[in-house]
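All remarks here apply to the structure that follows.
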Amino acid sequence: MSITRRTLLAAGTAALTLPALARRAAARDMPVLRAAPSTAQIAPAGYGPSPVWSYGGTVPGPEIRVRAGERVRRRFENGLPQDSAVHWHGIRIANAMDGAAGVTQDPVPPGGTFDYDFVAPDPGTYWYHAHARSWEQVARGLAGPLIVDDVEAWEGLEGAATAEATLMLADWRLQEDGALHEASFGDLHDWAHAGRLGNTVTINGAIDARLPVRRGERLRLRLINAATARIMPLRMPGLAPLLIALDGYPVAPRPAERILLAPAQRADIVVDIPAGLDAPLPILMDAGRDEWVEIGSLIDGGVTALPPQAGPVRPLPAGTARAPDLSAPQEEVLRMEGGAMGRLERARLGGVEQDFRQLVAARRVWAFNGVAGDMDEPAFRAPLGRTVRLRLVNETRWPHGIHLHGHHFTVLTRGEQPDAYQARRDTVLVRPGEPVEIAFVADNPGRWLLHCHMLGHQASGMLSWFEVT
Ligand SMILES: [Cu+2]
C-alpha cells in the first residue's frame, strides 16, 4: 500500500497522521464478507429454493484460501436482522480477531461492520462461522471453508495428492415445503437431547451432490462437518481412504475405512481414484443405528492429465503448535452434567445456586463444573507458556464435541487408554462415561471460549472460558 502525495493532499487535513491514512486506505481495500438473508436450493428438485442466511450469497460461504503465514483480511458486513460476528474456527489467532461475540469483540449490530485481519499460522483445513446465536445462525447457513495451504506447494511431489476438493457437510431441518423449520429454533427439548438434528444432509450445499473426479488422480478431500449437532460417521466404499490430517493438523497417514466427524471437526483424506470408474463412488453416512445412507457421490470427470502417483502417500509437513510439556502440567478438570436423563439437580447461574426448575426456566439444562453457562469466572487461568492437562469427564447421557478457542491440543487418552492417534485437534468428541485427557501449551494470550460444539448445548449451559495471562 503506497501513499502518494496526491492522497495526502486529498485528505486535506493536518490532523490525519500517515499511519492513520495508511490504515484507512488498507481498510478500503479489504475484501468484503457480507452476511445476509438469501435463498439456496437445498431441497430436492421439485421444491423451491429455501430461505437461508449466507455469506456472500452462497451456501456454504465462499472458500477463503491463503498460504500458511499469510494474512486473512475481510471486512465483515452484517446484513442480518440480528447481531453477529465471525469466528475463524481452529486458527491459532490473535485474541481480538477470534470473533467470539461478547468475549473478544462487541457483537456487530445489523448494518454494522468489523474488520478481521489476522495471520493464519498453520496449513490445514479450517472453517469460519457465525459466533452469535450460532445455534440459529449456523443452522441457517452461516458457515464457509477456510483453507490454509502449505507454503511449499505439494503439487507434483512424489506421493502427494495431484488434486484436491473441499467437502463441507451440513445438516438442515426442512419442513415439507422445503423451507427451514423455523418454529423449532431454540427448542429446549432438542437442546436437552442431541441438539437440533436435521433431516437433510448436504455436501457443499447440495443434496445428493455429484462431485466430478478424474480417473487415475490422487485426490485429497478436505471434509468439514459444519452441522450444528449431527455427528457424522462416513464411509466411501470402493475407495481406500488414507487419513492424513485431523482438524487441520497432520497425522501419520493411516487407512480410515470409517471416518468420524463430530460437529466442527475436519478430516483430510487421500484417495486414489481408480483408472476404471464404471459407476459413481458413493459417500455414505450413518444416519443412526447403523443405517448407512448415500449423501453424495464421486462421478467420472474424465482422465487426469497428470502422471499417476503410485508410491506411498507423502505425510504432510508438521504444524507449528508447540508440543505440550507433560513433566509438570497444570491439571484441570471439565465435568459435564445435565441434559435429558441426566441428574442436574442444581448449578450456578447468575452467581447463585439454582435448582433444576429455575434452570429450565432460564433455558439452561447443562453445566460445566457445576456452572450453567455463567461467564463471570473462567473455568481456569493459565500463565503464558504453561502446559495445561485437561481432563474432560462426561457425566451426561449424550456425546459432546468440546472445542477450545485459540489453541490446538493433543488428545492423550480416551477411556483411560492412550489415544490411538495422539492427534492435535481443536475439537474432541467425548462420549458418556469415557473420559478424555487433552494437553496444550497455553501460548496464546487472552480470554478464550471453551464450549460444546453441539450449538444448542453451548446455548443452554455448556459454555465457559479460560484465560491465558
Ligand atoms: Cu454438547
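Identifiers in the C-alpha cells: chain A, B, ... in order shown; residue index from 1 per chain; ligand index from 1 in order shown.
Using only C-alpha atoms and all ligand atoms, we find that the residues with an atom at most 7 Å from any atom of ligand 1 are Pro399, His400, Gly401, Cys452, His453, Met454, His457, Gln458 and Met462 of chain A.
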### Task
Could you give me, as a ChimeraX atom specification, the residues within 12 Å of Val270 in chain A, counting only C-alpha atoms and dropping anything in the same chain fewer than 4 positions from it?
/A:159-166,217-223,236,239-245,253-257,309,312-316
### Query
So which bits of range 362-458 of chain A end up strand (DSSP E) when you DSSP the backbone, as a PyMOL selection string?
chain A and resi 366-368+380-382+387-394+400-404+409-414+417-418+424-425+427-430+436-441+446-452
Which residues of range 199-276 of chain A sit at most 9 Å from range 418-437 of chain A, using only C-alpha atoms? Give each one's shortest atom pair and distance in Å (one decimal place), in chain and ascending residue order, as JSON lines.
```
{"residue": "A:Ala245", "atom": "CA", "partner": "A:Ala423", "partner_atom": "CA", "distance": 8.5}
{"residue": "A:Leu246", "atom": "CA", "partner": "A:Arg425", "partner_atom": "CA", "distance": 6.5}
{"residue": "A:Asp247", "atom": "CA", "partner": "A:Arg425", "partner_atom": "CA", "distance": 5.3}
{"residue": "A:Gly248", "atom": "CA", "partner": "A:Arg425", "partner_atom": "CA", "distance": 7.7}
{"residue": "A:Tyr249", "atom": "CA", "partner": "A:Arg424", "partner_atom": "CA", "distance": 6.0}
{"residue": "A:Pro250", "atom": "CA", "partner": "A:Ala423", "partner_atom": "CA", "distance": 7.9}
{"residue": "A:Val251", "atom": "CA", "partner": "A:Ala423", "partner_atom": "CA", "distance": 6.4}
{"residue": "A:Ala252", "atom": "CA", "partner": "A:Tyr421", "partner_atom": "CA", "distance": 8.4}
{"residue": "A:Leu261", "atom": "CA", "partner": "A:Leu429", "partner_atom": "CA", "distance": 8.6}
{"residue": "A:Ala262", "atom": "CA", "partner": "A:Leu429", "partner_atom": "CA", "distance": 6.3}
{"residue": "A:Pro263", "atom": "CA", "partner": "A:Thr427", "partner_atom": "CA", "distance": 8.4}
{"residue": "A:Ala264", "atom": "CA", "partner": "A:Thr427", "partner_atom": "CA", "distance": 6.9}
{"residue": "A:Gln265", "atom": "CA", "partner": "A:Thr427", "partner_atom": "CA", "distance": 6.1}
```
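Minimum distance to Leu169 in chain A across A:Pro44, A:Gly238, A:Pro60, A:Gly124 (counting only C-alpha atoms) occurs at A:Pro60.
In this comparison, which uses only C-alpha atoms, the residue of A:Glu182, A:Asp443, A:Glu345, A:Glu331 approaching Pro51 in chain A most closely is A:Glu182.
Listed by chain and then by rising number, the residues of range 44-186 of chain A that DSSP assigns to alpha helix (DSSP H) from the backbone are A:Ser134, A:Trp135, A:Glu136, A:Gln137.
Put simply, CA of Arg381 in chain A is 4.7 Å away from CA of Glu467 in chain A.
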### Query
Leaving out Ser327 in chain A and any residue of its chain fewer than 3 positions from it, which residues lie within 12 Å of it when counting only C-alpha atoms, given as a ChimeraX atom specification?
/A:323-324,330-331,386-389,439
May I have the residues from that selection written out with C-alpha atoms, as a compact mmCIF listing (two decimals), in the first residue's frame?
```txt
# COMPACT_ATOMS: atom_id res chain seq x y z
CA ALA A 323 4.20 -29.88 21.86
CA PRO A 324 2.89 -29.92 25.44
CA GLN A 330 -1.27 -27.55 35.28
CA GLU A 331 -4.03 -30.10 35.96
CA ARG A 386 2.37 -23.32 30.71
CA THR A 387 1.18 -26.74 29.64
CA VAL A 388 -2.39 -27.43 30.74
CA ARG A 389 -3.56 -31.01 31.08
CA ALA A 439 -3.00 -31.22 26.86
```
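Taking CA of Ser464 in chain A and CA of Leu450 in chain A as the two end points, the separation is 5.2 Å.
Of the listed residues A:Gly302, A:Pro145, A:Gly339, A:Pro307, the one whose atoms come nearest to Asp190 in chain A is A:Gly339, with distances taken using only C-alpha atoms.
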Would you mind listing, for every residue of range 100-195 of chain A within 12 Å of range 63-82 of chain A, the two atoms forming the shortest contact and the distance between them in Å to one decimal, using only C-alpha atoms, sorted by chain and ascending residue number, as a Markdown table?
```
| residue | atom | partner | partner_atom | distance |
| --- | --- | --- | --- | --- |
| A:Pro107 | CA | A:Gln82 | CA | 9.5 |
| A:Val108 | CA | A:Asn78 | CA | 6.8 |
| A:Pro109 | CA | A:Gln82 | CA | 6.5 |
| A:Pro110 | CA | A:Asn78 | CA | 5.3 |
| A:Gly111 | CA | A:Asn78 | CA | 5.3 |
| A:Gly112 | CA | A:Asn78 | CA | 5.5 |
| A:Thr113 | CA | A:Glu77 | CA | 4.5 |
| A:Phe114 | CA | A:Phe76 | CA | 5.2 |
| A:Asp115 | CA | A:Arg75 | CA | 4.4 |
| A:Tyr116 | CA | A:Arg74 | CA | 5.2 |
| A:Asp117 | CA | A:Arg73 | CA | 4.4 |
| A:Phe118 | CA | A:Arg71 | CA | 5.2 |
| A:Val119 | CA | A:Arg71 | CA | 4.2 |
| A:Ala120 | CA | A:Gly69 | CA | 5.5 |
| A:Pro121 | CA | A:Gly69 | CA | 4.7 |
| A:Asp122 | CA | A:Ala68 | CA | 5.4 |
| A:Pro123 | CA | A:Ala68 | CA | 5.1 |
| A:Gly124 | CA | A:Ala68 | CA | 8.5 |
| A:Thr125 | CA | A:Arg65 | CA | 9.7 |
| A:Tyr126 | CA | A:Ile64 | CA | 9.6 |
| A:Trp127 | CA | A:Ile64 | CA | 8.6 |
| A:Tyr128 | CA | A:Ile64 | CA | 9.0 |
| A:His129 | CA | A:Phe76 | CA | 11.7 |
| A:Ala130 | CA | A:Asn78 | CA | 10.7 |
| A:Ala132 | CA | A:Gln82 | CA | 9.0 |
| A:Arg133 | CA | A:Gln82 | CA | 9.0 |
| A:Ser134 | CA | A:Gln82 | CA | 11.5 |
| A:Glu136 | CA | A:Gln82 | CA | 10.8 |
| A:Gln137 | CA | A:Gln82 | CA | 9.5 |
| A:Arg140 | CA | A:Leu80 | CA | 11.3 |
| A:Leu142 | CA | A:Leu80 | CA | 10.6 |
| A:Ala143 | CA | A:Glu63 | CA | 9.9 |
| A:Gly144 | CA | A:Glu63 | CA | 6.1 |
| A:Pro145 | CA | A:Glu63 | CA | 4.9 |
| A:Leu146 | CA | A:Ile64 | CA | 4.8 |
| A:Ile147 | CA | A:Arg65 | CA | 4.7 |
| A:Val148 | CA | A:Val66 | CA | 5.1 |
| A:Asp149 | CA | A:Arg67 | CA | 4.5 |
| A:Asp150 | CA | A:Ala68 | CA | 5.8 |
| A:Val151 | CA | A:Ala68 | CA | 5.7 |
| A:Glu152 | CA | A:Arg67 | CA | 9.1 |
| A:Ala153 | CA | A:Arg67 | CA | 9.5 |
| A:Trp154 | CA | A:Arg67 | CA | 11.9 |
| A:Ala165 | CA | A:Glu63 | CA | 11.0 |
| A:Thr166 | CA | A:Glu63 | CA | 8.7 |
| A:Leu167 | CA | A:Glu63 | CA | 10.8 |
| A:Met168 | CA | A:Glu63 | CA | 10.1 |
```
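Between CA of Gly195 in chain A and CA of Ile438 in chain A the interatomic distance comes to 24.3 Å.
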#### Entry: Selected residue, from A:Ser84, A:Thr304, A:Ser460, A:Asn369, that lies nearest to Met336 in chain A when counting only C-alpha atoms
A:Asn369
